[in-house]
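Have a look at upload_11.cif below; it lists mmCIF, C-alpha atoms.
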data_coords
loop_
_atom_site.group_PDB
_atom_site.id
_atom_site.type_symbol
_atom_site.label_atom_id
_atom_site.label_comp_id
_atom_site.auth_asym_id
_atom_site.auth_seq_id
_atom_site.Cartn_x
_atom_site.Cartn_y
_atom_site.Cartn_z
ATOM 1 C CA MET A 1 313.855 306.184 58.166
ATOM 2 C CA SER A 2 311.422 306.618 61.048
ATOM 3 C CA VAL A 3 312.408 306.099 64.666
ATOM 4 C CA GLU A 4 310.409 302.878 64.660
ATOM 5 C CA GLU A 5 312.200 301.601 61.566
ATOM 6 C CA ALA A 6 315.583 302.460 63.069
ATOM 7 C CA LEU A 7 314.719 300.631 66.290
ATOM 8 C CA LEU A 8 313.430 297.525 64.533
ATOM 9 C CA SER A 9 316.333 297.296 62.087
ATOM 10 C CA ARG A 10 319.117 298.032 64.600
ATOM 11 C CA ARG A 11 321.127 295.005 65.599
ATOM 12 C CA SER A 12 324.559 294.287 67.028
ATOM 13 C CA VAL A 13 326.491 293.584 63.831
ATOM 14 C CA ARG A 14 329.561 291.377 64.154
ATOM 15 C CA ALA A 15 330.772 291.404 60.551
ATOM 16 C CA PHE A 16 331.449 294.619 58.617
ATOM 17 C CA LEU A 17 332.494 295.531 55.108
ATOM 18 C CA PRO A 18 335.819 297.371 54.611
ATOM 19 C CA ARG A 19 333.853 300.204 52.983
ATOM 20 C CA PRO A 20 335.047 303.466 54.577
ATOM 21 C CA VAL A 21 332.843 305.913 56.459
ATOM 22 C CA SER A 22 333.592 309.606 55.982
ATOM 23 C CA ARG A 23 334.559 311.762 58.928
ATOM 24 C CA SER A 24 331.709 314.158 58.119
ATOM 25 C CA THR A 25 329.232 311.288 58.447
ATOM 26 C CA VAL A 26 330.625 310.280 61.833
ATOM 27 C CA GLU A 27 330.536 313.895 62.993
ATOM 28 C CA ARG A 28 326.919 314.187 61.864
ATOM 29 C CA VAL A 29 325.954 311.054 63.809
ATOM 30 C CA LEU A 30 327.650 312.370 66.952
ATOM 31 C CA GLU A 31 326.100 315.806 66.518
ATOM 32 C CA MET A 32 322.641 314.243 66.477
ATOM 33 C CA ALA A 33 323.473 312.057 69.496
ATOM 34 C CA SER A 34 324.555 315.164 71.410
ATOM 35 C CA HIS A 35 320.866 316.080 71.681
ATOM 36 C CA SER A 36 320.408 313.224 74.162
ATOM 37 C CA ALA A 37 318.972 314.024 77.569
ATOM 38 C CA SER A 38 321.341 314.160 80.536
ATOM 39 C CA ASN A 39 320.965 314.845 84.238
ATOM 40 C CA SER A 40 320.796 318.627 84.778
ATOM 41 C CA ASN A 41 322.142 318.935 81.217
ATOM 42 C CA GLY A 42 325.536 317.814 82.507
ATOM 43 C CA GLN A 43 326.461 316.144 79.197
ATOM 44 C CA PRO A 44 329.208 314.100 80.937
ATOM 45 C CA TRP A 45 330.314 312.173 77.860
ATOM 46 C CA GLN A 46 333.409 312.246 75.712
ATOM 47 C CA VAL A 47 333.858 310.287 72.493
ATOM 48 C CA HIS A 48 337.110 308.934 71.043
ATOM 49 C CA VAL A 49 336.971 308.004 67.349
ATOM 50 C CA LEU A 50 339.610 305.816 65.694
ATOM 51 C CA THR A 51 340.141 305.067 62.021
ATOM 52 C CA GLY A 52 343.005 303.978 59.795
ATOM 53 C CA GLY A 53 346.430 303.574 61.385
ATOM 54 C CA ALA A 54 345.278 304.747 64.820
ATOM 55 C CA LYS A 55 342.684 301.981 64.958
ATOM 56 C CA ASP A 56 345.150 299.420 63.598
ATOM 57 C CA ARG A 57 347.720 300.259 66.280
ATOM 58 C CA LEU A 58 345.196 299.934 69.079
ATOM 59 C CA THR A 59 343.904 296.668 67.614
ATOM 60 C CA ALA A 60 347.435 295.236 67.522
ATOM 61 C CA ALA A 61 348.022 296.204 71.162
ATOM 62 C CA LEU A 62 344.688 294.741 72.276
ATOM 63 C CA LEU A 63 345.304 291.468 70.447
ATOM 64 C CA GLN A 64 348.774 291.232 71.981
ATOM 65 C CA ALA A 65 347.299 291.733 75.459
ATOM 66 C CA HIS A 66 344.545 289.213 74.761
ATOM 67 C CA ASP A 67 346.953 286.566 73.477
ATOM 68 C CA ALA A 68 349.250 287.137 76.460
ATOM 69 C CA GLY A 69 346.409 286.572 78.921
ATOM 70 C CA ALA A 70 346.590 290.137 80.239
ATOM 71 C CA ARG A 71 342.872 290.438 80.912
ATOM 72 C CA VAL A 72 342.276 292.512 84.061
ATOM 73 C CA GLN A 73 340.785 290.861 87.133
ATOM 74 C CA LYS A 74 338.605 293.853 87.932
ATOM 75 C CA CYS A 75 337.179 296.434 85.556
ATOM 76 C CA GLU A 76 336.987 300.145 86.264
ATOM 77 C CA PHE A 77 333.428 299.678 87.553
ATOM 78 C CA ASP A 78 331.109 296.750 88.258
ATOM 79 C CA TYR A 79 329.803 296.288 84.755
ATOM 80 C CA GLN A 80 328.144 292.889 85.182
ATOM 81 C CA PRO A 81 327.995 289.938 87.630
ATOM 82 C CA ARG A 82 330.752 287.362 87.746
ATOM 83 C CA PRO A 83 329.962 284.212 85.722
ATOM 84 C CA ASP A 84 328.754 282.286 88.787
ATOM 85 C CA ASP A 85 326.676 285.180 90.120
ATOM 86 C CA TRP A 86 324.084 285.438 87.356
ATOM 87 C CA VAL A 87 320.498 284.794 88.513
ATOM 88 C CA GLU A 88 317.241 284.089 86.715
ATOM 89 C CA PRO A 89 315.807 285.206 84.388
ATOM 90 C CA PHE A 90 319.068 286.814 83.243
ATOM 91 C CA LEU A 91 321.025 283.576 83.438
ATOM 92 C CA SER A 92 318.692 281.832 80.986
ATOM 93 C CA ARG A 93 318.672 284.782 78.605
ATOM 94 C CA ARG A 94 322.468 284.901 78.642
ATOM 95 C CA SER A 95 322.644 281.154 77.986
ATOM 96 C CA GLU A 96 320.156 281.453 75.123
ATOM 97 C CA PHE A 97 322.236 284.237 73.621
ATOM 98 C CA GLY A 98 325.432 282.166 73.799
ATOM 99 C CA GLN A 99 323.791 279.106 72.279
ATOM 100 C CA GLY A 100 322.317 281.175 69.445
ATOM 101 C CA LEU A 101 325.546 282.977 68.628
ATOM 102 C CA TYR A 102 328.124 280.240 69.028
ATOM 103 C CA GLY A 103 326.109 277.072 68.491
ATOM 104 C CA LYS A 104 323.377 277.798 65.953
ATOM 105 C CA THR A 105 325.018 280.615 63.995
ATOM 106 C CA LEU A 106 328.746 279.832 64.110
ATOM 107 C CA GLY A 107 328.512 276.077 64.646
ATOM 108 C CA ILE A 108 330.922 276.209 67.590
ATOM 109 C CA ASP A 109 330.261 273.645 70.308
ATOM 110 C CA PHE A 110 329.990 274.839 73.888
ATOM 111 C CA THR A 111 333.030 272.755 74.814
ATOM 112 C CA ASP A 112 335.151 274.173 71.976
ATOM 113 C CA LEU A 113 336.996 276.787 73.997
ATOM 114 C CA VAL A 114 339.508 277.456 71.217
ATOM 115 C CA GLY A 115 336.768 278.164 68.692
ATOM 116 C CA ARG A 116 334.850 280.362 71.119
ATOM 117 C CA ASP A 117 337.971 282.351 71.948
ATOM 118 C CA ALA A 118 338.798 282.801 68.253
ATOM 119 C CA HIS A 119 335.443 284.468 67.702
ATOM 120 C CA HIS A 120 335.715 286.544 70.880
ATOM 121 C CA ARG A 121 339.125 287.734 69.707
ATOM 122 C CA ARG A 122 337.434 289.449 66.750
ATOM 123 C CA ASN A 123 335.976 291.986 69.171
ATOM 124 C CA TYR A 124 339.389 293.643 69.333
ATOM 125 C CA GLU A 125 339.464 293.920 65.545
ATOM 126 C CA PHE A 126 336.186 295.842 65.731
ATOM 127 C CA PHE A 127 334.686 292.976 63.699
ATOM 128 C CA GLY A 128 336.282 294.501 60.624
ATOM 129 C CA ALA A 129 334.487 297.853 60.958
ATOM 130 C CA PRO A 130 336.368 300.887 59.578
ATOM 131 C CA VAL A 131 335.465 303.056 62.600
ATOM 132 C CA GLY A 132 336.076 302.303 66.272
ATOM 133 C CA ILE A 133 334.522 304.481 68.946
ATOM 134 C CA PHE A 134 335.013 304.632 72.716
ATOM 135 C CA LEU A 135 332.525 306.330 75.004
ATOM 136 C CA THR A 136 333.658 307.678 78.374
ATOM 137 C CA VAL A 137 331.841 309.663 81.092
ATOM 138 C CA SER A 138 332.920 311.757 84.035
ATOM 139 C CA ARG A 139 333.230 310.031 87.410
ATOM 140 C CA HIS A 140 332.104 313.224 89.148
ATOM 141 C CA GLN A 141 328.490 312.703 88.040
ATOM 142 C CA LEU A 142 328.392 309.372 89.884
ATOM 143 C CA ASP A 143 326.005 306.727 88.549
ATOM 144 C CA SER A 144 323.745 309.257 86.859
ATOM 145 C CA ALA A 145 326.454 309.471 84.200
ATOM 146 C CA LEU A 146 325.859 305.808 83.347
ATOM 147 C CA ILE A 147 322.232 306.620 82.505
ATOM 148 C CA ASP A 148 323.381 309.592 80.442
ATOM 149 C CA ALA A 149 325.889 307.354 78.649
ATOM 150 C CA GLY A 150 323.165 304.848 77.806
ATOM 151 C CA LEU A 151 320.969 307.566 76.345
ATOM 152 C CA PHE A 152 323.846 308.921 74.277
ATOM 153 C CA LEU A 153 324.844 305.446 73.091
ATOM 154 C CA GLN A 154 321.311 304.557 72.001
ATOM 155 C CA ALA A 155 320.975 307.875 70.158
ATOM 156 C CA THR A 156 324.289 307.220 68.402
ATOM 157 C CA MET A 157 323.209 303.759 67.260
ATOM 158 C CA LEU A 158 319.776 304.884 66.051
ATOM 159 C CA THR A 159 321.152 307.917 64.230
ATOM 160 C CA ALA A 160 323.781 305.729 62.587
ATOM 161 C CA ARG A 161 321.060 303.308 61.533
ATOM 162 C CA ALA A 162 319.026 306.154 60.037
ATOM 163 C CA ALA A 163 322.104 307.014 57.957
ATOM 164 C CA GLY A 164 322.309 303.440 56.628
ATOM 165 C CA LEU A 165 325.129 302.434 58.987
ATOM 166 C CA ASP A 166 325.350 299.593 61.488
ATOM 167 C CA THR A 167 326.934 299.307 64.921
ATOM 168 C CA CYS A 168 327.943 296.898 67.657
ATOM 169 C CA PRO A 169 328.324 298.113 71.256
ATOM 170 C CA GLN A 170 331.113 296.124 72.944
ATOM 171 C CA ALA A 171 331.817 295.737 76.645
ATOM 172 C CA SER A 172 334.651 293.313 75.858
ATOM 173 C CA PHE A 173 337.071 296.239 75.658
ATOM 174 C CA LEU A 174 336.646 296.839 79.389
ATOM 175 C CA ASP A 175 338.763 293.737 80.071
ATOM 176 C CA TYR A 176 341.788 295.555 78.649
ATOM 177 C CA TYR A 177 341.093 299.119 79.704
ATOM 178 C CA PRO A 178 344.768 299.836 80.612
ATOM 179 C CA VAL A 179 345.718 299.241 76.959
ATOM 180 C CA ILE A 180 343.021 301.645 75.807
ATOM 181 C CA ARG A 181 344.157 304.302 78.263
ATOM 182 C CA ASN A 182 347.738 303.942 77.041
ATOM 183 C CA HIS A 183 346.675 304.676 73.468
ATOM 184 C CA LEU A 184 343.957 307.291 73.952
ATOM 185 C CA ASP A 185 343.907 310.645 75.713
ATOM 186 C CA ILE A 186 341.254 309.732 78.286
ATOM 187 C CA PRO A 187 341.097 311.952 81.383
ATOM 188 C CA ASP A 188 341.768 310.188 84.698
ATOM 189 C CA ASP A 189 338.398 311.351 86.011
ATOM 190 C CA HIS A 190 336.536 309.562 83.197
ATOM 191 C CA ARG A 191 335.292 305.971 83.110
ATOM 192 C CA ILE A 192 335.437 303.935 79.907
ATOM 193 C CA ILE A 193 331.855 302.804 79.291
ATOM 194 C CA CYS A 194 332.230 300.663 76.178
ATOM 195 C CA GLY A 195 333.542 300.476 72.647
ATOM 196 C CA LEU A 196 331.430 300.737 69.513
ATOM 197 C CA SER A 197 332.148 299.363 66.051
ATOM 198 C CA LEU A 198 330.610 301.419 63.253
ATOM 199 C CA GLY A 199 330.398 300.799 59.535
ATOM 200 C CA TYR A 200 328.395 298.985 56.875
ATOM 201 C CA ALA A 201 327.219 295.472 57.697
ATOM 202 C CA ASP A 202 328.408 292.524 55.643
ATOM 203 C CA THR A 203 324.934 291.164 54.935
ATOM 204 C CA SER A 204 326.387 288.075 53.232
ATOM 205 C CA HIS A 205 328.125 286.917 56.431
ATOM 206 C CA ARG A 206 326.349 284.205 58.409
ATOM 207 C CA LEU A 207 326.581 286.333 61.536
ATOM 208 C CA TYR A 208 324.226 288.822 59.923
ATOM 209 C CA ARG A 209 321.437 286.263 60.278
ATOM 210 C CA PHE A 210 321.851 286.131 64.053
ATOM 211 C CA THR A 211 319.079 287.924 65.921
ATOM 212 C CA THR A 212 318.016 287.959 69.563
ATOM 213 C CA PRO A 213 314.457 287.740 70.950
ATOM 214 C CA ARG A 214 312.720 290.443 72.977
ATOM 215 C CA GLN A 215 310.296 290.173 75.873
ATOM 216 C CA CYS A 216 306.645 291.122 75.350
ATOM 217 C CA VAL A 217 305.386 294.325 76.951
ATOM 218 C CA LYS A 218 303.079 292.316 79.220
ATOM 219 C CA ASP A 219 306.140 290.547 80.634
ATOM 220 C CA PHE A 220 307.919 293.682 81.867
ATOM 221 C CA ALA A 221 305.335 296.478 82.137
ATOM 222 C CA THR A 222 302.828 297.088 84.930
ATOM 223 C CA PHE A 223 300.042 299.572 84.277
ATOM 224 C CA TYR A 224 298.323 301.447 87.125
ATOM 225 C CA GLU A 225 294.991 303.027 86.242
ATOM 226 C CA ASP A 226 291.423 303.397 87.545
ATOM 227 C CA ARG A 227 289.133 300.580 86.545
ATOM 228 C CA ASN A 228 286.569 303.031 85.186
ATOM 229 C CA GLU A 229 289.169 304.889 83.177
ATOM 230 C CA GLU A 230 288.690 304.707 79.438
ATOM 231 C CA ALA A 231 291.335 302.676 77.609
ATOM 232 C CA LEU A 232 294.190 304.771 76.354
ATOM 233 C CA THR A 233 294.507 304.956 72.593
ATOM 234 C CA MET A 234 297.621 305.459 70.517
ATOM 235 C CA ASP A 235 296.431 306.428 67.054
ATOM 236 C CA VAL A 236 299.999 306.754 65.879
ATOM 237 C CA PHE A 237 300.349 302.964 65.957
ATOM 238 C CA THR A 238 297.022 302.000 64.418
ATOM 239 C CA SER A 239 298.517 301.755 60.938
ATOM 240 C CA GLY A 240 301.312 299.505 62.182
ATOM 241 C CA THR A 241 304.062 302.050 61.516
ATOM 242 C CA ALA A 242 304.658 305.157 63.591
ATOM 243 C CA SER A 243 306.383 308.153 62.090
ATOM 244 C CA LEU A 244 307.685 311.419 63.439
ATOM 245 C CA PRO A 245 306.244 314.705 62.194
ATOM 246 C CA GLN A 246 308.256 315.908 59.237
ATOM 247 C CA ALA A 247 307.688 319.590 59.903
ATOM 248 C CA PRO A 248 307.333 321.756 63.023
ATOM 249 C CA THR A 249 303.953 321.511 64.728
ATOM 250 C CA GLN A 250 302.313 324.070 66.964
ATOM 251 C CA GLU A 251 300.973 324.191 70.490
ATOM 252 C CA VAL A 252 299.210 326.861 72.501
ATOM 253 C CA SER A 253 300.832 328.062 75.724
ATOM 254 C CA ALA A 254 299.580 330.997 77.786
ATOM 255 C CA GLY A 255 297.451 332.138 74.882
ATOM 256 C CA ARG A 256 300.379 332.166 72.445
ATOM 257 C CA VAL A 257 300.878 329.818 69.488
ATOM 258 C CA MET A 258 304.423 328.455 69.430
ATOM 259 C CA ASP A 259 306.206 326.338 66.841
ATOM 260 C CA ILE A 260 307.701 323.138 68.240
ATOM 261 C CA ASP A 261 310.282 321.355 66.126
ATOM 262 C CA HIS A 262 309.897 317.611 66.709
ATOM 263 C CA ALA A 263 312.241 316.586 63.893
ATOM 264 C CA ALA A 264 315.757 317.304 65.119
ATOM 265 C CA TRP A 265 317.261 315.330 62.261
ATOM 266 C CA ALA A 266 314.996 316.718 59.543
ATOM 267 C CA GLY A 267 317.035 317.466 56.447
ATOM 268 C CA TRP A 268 319.474 314.587 57.035
ATOM 269 C CA ASN A 269 319.330 313.613 53.376
ATOM 270 C CA GLN A 270 318.545 317.064 52.034
ATOM 271 C CA ASN A 271 320.990 319.450 50.438
ATOM 272 C CA SER A 272 320.188 322.399 52.654
ATOM 273 C CA PRO A 273 323.162 324.038 54.423
ATOM 274 C CA GLU A 274 323.950 322.443 57.783
ATOM 275 C CA GLN A 275 323.508 324.560 60.873
ATOM 276 C CA SER A 276 325.943 324.577 63.736
ATOM 277 C CA VAL A 277 324.930 323.216 67.107
ATOM 278 C CA GLY A 278 324.661 326.731 68.466
ATOM 279 C CA GLU A 279 322.299 327.816 65.694
ATOM 280 C CA ARG A 280 319.771 325.054 66.327
ATOM 281 C CA ALA A 281 317.263 325.104 69.159
ATOM 282 C CA SER A 282 316.924 321.828 71.011
ATOM 283 C CA SER A 283 314.936 320.706 74.018
ATOM 284 C CA VAL A 284 315.377 317.849 76.470
#
The structure given in the file should be rewritten as structure tokens.
Amino acid sequence: MSVEEALLSRRSVRAFLPRPVSRSTVERVLEMASHSASNSNGQPWQVHVLTGGAKDRLTAALLQAHDAGARVQKCEFDYQPRPDDWVEPFLSRRSEFGQGLYGKTLGIDFTDLVGRDAHHRRNYEFFGAPVGIFLTVSRHQLDSALIDAGLFLQATMLTARAAGLDTCPQASFLDYYPVIRNHLDIPDDHRIICGLSLGYADTSHRLYRFTTPRQCVKDFATFYEDRNEEALTMDVFTSGTASLPQAPTQEVSAGRVMDIDHAAWAGWNQNSPEQSVGERASSV
């Protein structure tokens, strides 16, 4: 699967099959994600992976806290505006998302608070996914760590997609972060960024049909260039599908020809022996 295919087919899946995911597969996904860029190569992230009984115990504790109304008043960091503080165009996009998910897809009326809460409650069951993941980053790196976390999270989701898996990043866990800290060995100097459900999508579930729109490039990008400058061309997109090189290419630097490996995940589905992280050369 090309990067473009992974991007276009990735979605936040909210219904998973009970089909298990092997530990080696999860480790492979995380190994690939570890090649993400980070400020000064700080790599401030830690990942906590739960399966089986460990995931079940955390789920039970989260559901108990949810049902008891133990949602925190303030998260560990200012993740998003308060409900009344959203402004345009984000307010309209959020409203459109809610109407599409609850109204059109699930058939839950906006006034049906019980029905809406019942669906929201499924977050803490990881939507039935066999693997639950929590991403944390060091507080010492300040807000740069949030950018690093986003890069790592996106790489995790795309690599998982390339392996035929699906994911759902979930900020809902932040509302019960004390419960998560009680169950996981998270250092005090780390912030919990989000949870992530990982597994195989239940494509027969009606939630699988739910998709969200994206803004056009012209709506969010501003190009600065000389008027007499020739139009930039991107031959890689002329066929409609971009693909990464499947073998190392070469470039000339200071008179020397050097091999540059652009396919960090080459061999994903091949039977060649896996190399350790230390044996592979990577660049940021």
Show which residues sit within 8 Å of segment 14-30 of chain A, as a list in words. Count all atoms listed in the file, and ignore same-chain residues fewer than 3 positions away. Ala33, Ser34, Phe127, Gly128, Ala129, Pro130, Val131, Thr156, Thr159, Ala160, Cys168, Gly199, Tyr200, Ala201, Asp202, His205, Leu207 and Tyr208 of chain A
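Atom CA of His120 of chain A is positioned 18.8 Å from atom CA of Arg93 of chain A.
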Exactly which residues make up the result of the PyMOL selection byres ((chain A and resi 65) around 12) on this file, given as a compact mmCIF listing (two decimals) with C-alpha atoms, in the frame of the given file?
# COMPACT_ATOMS: atom_id res chain seq x y z
CA LEU A 58 345.20 299.93 69.08
CA THR A 59 343.90 296.67 67.61
CA ALA A 60 347.44 295.24 67.52
CA ALA A 61 348.02 296.20 71.16
CA LEU A 62 344.69 294.74 72.28
CA LEU A 63 345.30 291.47 70.45
CA GLN A 64 348.77 291.23 71.98
CA HIS A 66 344.54 289.21 74.76
CA ASP A 67 346.95 286.57 73.48
CA ALA A 68 349.25 287.14 76.46
CA GLY A 69 346.41 286.57 78.92
CA ALA A 70 346.59 290.14 80.24
CA ARG A 71 342.87 290.44 80.91
CA VAL A 72 342.28 292.51 84.06
CA ARG A 121 339.12 287.73 69.71
CA TYR A 124 339.39 293.64 69.33
CA PHE A 173 337.07 296.24 75.66
CA ASP A 175 338.76 293.74 80.07
CA TYR A 176 341.79 295.56 78.65
CA TYR A 177 341.09 299.12 79.70
CA PRO A 178 344.77 299.84 80.61
CA VAL A 179 345.72 299.24 76.96
CA ILE A 180 343.02 301.64 75.81
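Coordinates place atom CA of His190 of chain A at a distance of 5.1 Å from atom CA of Val137 of chain A.
One finds atom CA of Ser144 of chain A at 13.7 Å from atom CA of Ser36 of chain A.
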Nearest-residue call for Gly150 of chain A, choices A:Leu198, A:Leu113, A:Ala37, A:Cys216, using only C-alpha atoms: A:Ala37
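Residues having any atom no farther than 8 Å from (332.6, 299.6, 75.6) (counting only C-alpha atoms) are A:Phe134, A:Leu135, A:Pro169, A:Gln170, A:Ala171, A:Ser172, A:Phe173, A:Leu174, A:Ile192, A:Ile193, A:Cys194, A:Gly195, A:Leu196.
Residue nearest Ala155 of chain A within the list A:Ala118, A:Leu50, A:Met32, A:Leu91: A:Met32 [criterion: smallest interatomic distance, only C-alpha atoms].
Selection result for the displayed file, with the PyMOL selection byres ((chain A and resi 42) around 10) as criterion, is Ala37, Ser38, Asn39, Ser40, Asn41, Gln43, Pro44, Trp45, Ser138, Gln141, Ser144, Ala145 and Asp148 of chain A.
Shell of Phe110 of chain A at 10 Å, with all atoms listed in the file counted and residues fewer than 5 places along the chain excluded, is A:Gly98, A:Gln99, A:Tyr102, A:Gly103, A:Gly115, A:Arg116.
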File dump, residues just selected, C-alpha atoms, as a PDB file, in the coordinates of the input:
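And here is the file that came out, part02.pdb:
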ATOM      1  CA  GLY A  98     325.432 282.166  73.799  1.00  0.00           C
ATOM      2  CA  GLN A  99     323.791 279.106  72.279  1.00  0.00           C
ATOM      3  CA  TYR A 102     328.124 280.240  69.028  1.00  0.00           C
ATOM      4  CA  GLY A 103     326.109 277.072  68.491  1.00  0.00           C
ATOM      5  CA  GLY A 115     336.768 278.164  68.692  1.00  0.00           C
ATOM      6  CA  ARG A 116     334.850 280.362  71.119  1.00  0.00           C
TER       7      ARG A 116
END
Around all listed atoms of segment 83-88 of chain A, padded 6 Å per side, what centre and edge lengths does the axis-aligned box have in Å to one decimal, as lines of an AutoDock Vina configuration file?
center_x = 323.6
center_y = 283.9
center_z = 87.9
size_x = 24.7
size_y = 15.2
size_z = 16.4
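This file, queried with the PyMOL selection byres ((chain A and resi 8) around 12), gives the residues Met1, Ser2, Val3, Glu4, Glu5, Ala6, Leu7, Ser9, Arg10, Arg11, Ser12, Met157, Leu158, Arg161, Ala162, Thr211, Thr212, Pro213, Arg214, Thr241 and Ala242 of chain A.
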Using only C-alpha atoms, which of the listed residues (A:Asn123, A:Asn228, A:Thr167, A:Gln80) sits closest to Gln154 of chain A? A:Thr167
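Restricting the calculation to all atoms listed in the file, the smallest distance between Arg209 of chain A and any of A:Val47, A:Val114, A:Leu101, A:Cys75 is found for A:Leu101.
Using only C-alpha atoms, the shortest contact distance between Leu146 of chain A and any of A:Arg206, A:Tyr79, A:Glu88, A:Phe220 is found at A:Tyr79.
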